[in-house]
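Novice: Structure in structure tokens, see below.
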Number of protein chains: 2
Amino acid sequence: MMPTSTRVPHRVFGTASSGNCHKVRLTLDVLHLPYRWHEIDIMKGETRTPEYLAMNPNGQVPLLQIDDHTWLAESNAILCYLADGTHLWPGDRLQRARALQWMFFEQNTHEPNIAGARFARAYLKQPDHPRLPVLMERGYKALDVMEQHLVRLPFFAGEFSIADISLFAYTHKAIEGGFDLTAYPAVRAWVARCLTQPGMSAMPAP
Amino acid sequence: MMPTSTRVPHRVFGTASSGNCHKVRLTLDVLHLPYRWHEIDIMKGETRTPEYLAMNPNGQVPLLQIDDHTWLAESNAILCYLADGTHLWPGDRLQRARALQWMFFEQNTHEPNIAGARFARAYLKQPDHPRLPVLMERGYKALDVMEQHLVRLPFFAGEFSIADISLFAYTHKAIEGGFDLTAYPAVRAWVARCLTQPGMSAMPAP
């Protein structure tokens with residue numbers, strides 16, 4: 001590894017109170033990688049400008065700038081890129097696939113519902129949003145699946161990995177989406193366990 | 001590599017007309033890996049039985065059985081597991097992350113809308129389903145992003161990879177969700193290009 005002083009800092013375009021962005025910050029912090037954070041206000045349309053869309057045609061944060069002409073989108077793909085070759089990315093083929101299983105679960109089953117409910121309540125300020133009942137029902141089902149895993153194992157793919165960082169992001173702030181974790185003791189213990197890992201921190205409020 | 005005759009066939013629990021399952025079949029076929037396919041009827045609740053939930057607590061297909069006590073869920077994680085170390089999984093760190101970027105895009109932006117619209121029309125037979133307008137709008141936005149990429153590059157991550165197999169699954173049957181690909185010439189050319197790869201095939205109708 002090169003000495004820290006000669007490493008070029010990563011550039012991240014992100015929103016501090018977004019779980020998808022916070023997981024990128026956490027991975028950089030856990031790995032002690034230097035970075036420059038460019039704060040983006042999605043509520044002011046800063047991901048819809050021509051300049052931003054030229055970097056990420058899908059118009060989302062976070063975005064990792066790799067060089068003057070290269071950007072990487074999708075939070076969990078950024079985590080895989082940063083963690084490649086480190087202790088956060090399992091060396092074993094099955095454990096690596098297991099980490100990815102939970103990261104795809106996070107994006108298709110967990111985040112759309114738990115982050116979706118948080119967005120409706122904390123960003124849109126719409127506690128009567130018509131989608132909230134189905135988001136809550138599906139979010140609790142995702143938490144059920146996590147609880148079942150965490151009563152048996154301390155982390156999602158063997159040792160602490162990017163799969164934990166990915167699922168931690170919106171789970172530790174699930175209350176902001178209206179979720180009550182009282183009935184999920186294993187999830188709550190895992191959140192506390194994640195926070196004891198060096199470099200881990202809670203996400204700022206919206 | 002061991003001779004084919006001594007390799008234990010993979011066991012797949014899947015639904016032949018599901019894009020998420022078809023992508024697993026395609027990856028096995030492209031890699032010439034032997035497998036046994038266990039057909040699951042999701043419309044008859046076969047993913048909700050206690051026996052199935054013991055294998056996959058999230059109650060979804062596809063599911064890859066690795067040994068008597070080990071299963072791997074999430075279609076794209078199964079693709080990564082099967083392709084690990086083969087020509088379908090980029091050897092370069094950035095291209096590997098690029099493949100994952102498109103596979104996460106597939107799961108959070110593409111599949112929920114394009115497969116969601118197909119499910120409403122072709123499985124539920126509800127062409128007036130209340131979610132269809134928003135699924136169609138978001139599905140076309142996903143196709144826009146793909147078109148922008150494919151006017152510049154022949155595949156999603158350098159050479160033909162599991163990122164293409166993942167996005168091919170529901171894109172080549174987008175018409176069953178009511179999507180018209182006339183305005184997407186680069187997407188249509190890429191679908192045709194994917195079908196020329198040895199082992200690739202179209203998905204059966206629902």
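Ordered as shown in the structure tokens, chains take letters A, B, and onward, while each chain numbers its residues from 1 and ligands are numbered from 1 in the order shown.
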Check every residue of chain B for an atom within 6 Å of chain A, counting only C-alpha atoms, and provide those that qualify as a PDB file with C-alpha atoms, in the first residue's frame.
Specialist:
ATOM      1  CA  GLU B  74     -30.746 -13.432  -5.162  1.00  0.00           C
ATOM      2  CA  ALA B  77     -25.554 -12.986  -6.512  1.00  0.00           C
ATOM      3  CA  TYR B  81     -21.016 -17.009  -7.800  1.00  0.00           C
ATOM      4  CA  ALA B  97     -17.354  -2.782 -10.332  1.00  0.00           C
ATOM      5  CA  LEU B 100     -21.926  -4.707 -10.507  1.00  0.00           C
ATOM      6  CA  GLN B 101     -23.094  -1.113 -11.091  1.00  0.00           C
ATOM      7  CA  GLN B 107     -32.375  -4.734  -9.423  1.00  0.00           C
ATOM      8  CA  ASN B 108     -33.383  -1.276  -8.170  1.00  0.00           C
TER       9      ASN B 108
END
Novice: Contacts of Leu150 (chain A) at 8 Å or less, counting only C-alpha atoms, minus same-chain residues fewer than 3 places along, as a PyMOL selection string?
Specialist: chain A and resi 146-147+153-156+186-187+190
Novice: I'd like the contact shell of region 166-182 of chain A - 10 Å cut-off, only C-alpha atoms, skipping same-chain residues fewer than 6 positions apart - returned as a count of residues only.
Specialist: 54
Novice: As a list in words, please: every residue in region 41-153 of chain A that DSSP puts in strand (DSSP E).
Specialist: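 Strand (DSSP E) assignments inside region 41-153 of chain A correspond to Leu63, Leu64, Gln65, Ile66, Asp67, Thr70, Trp71, Leu72 and Ala73 of chain A.
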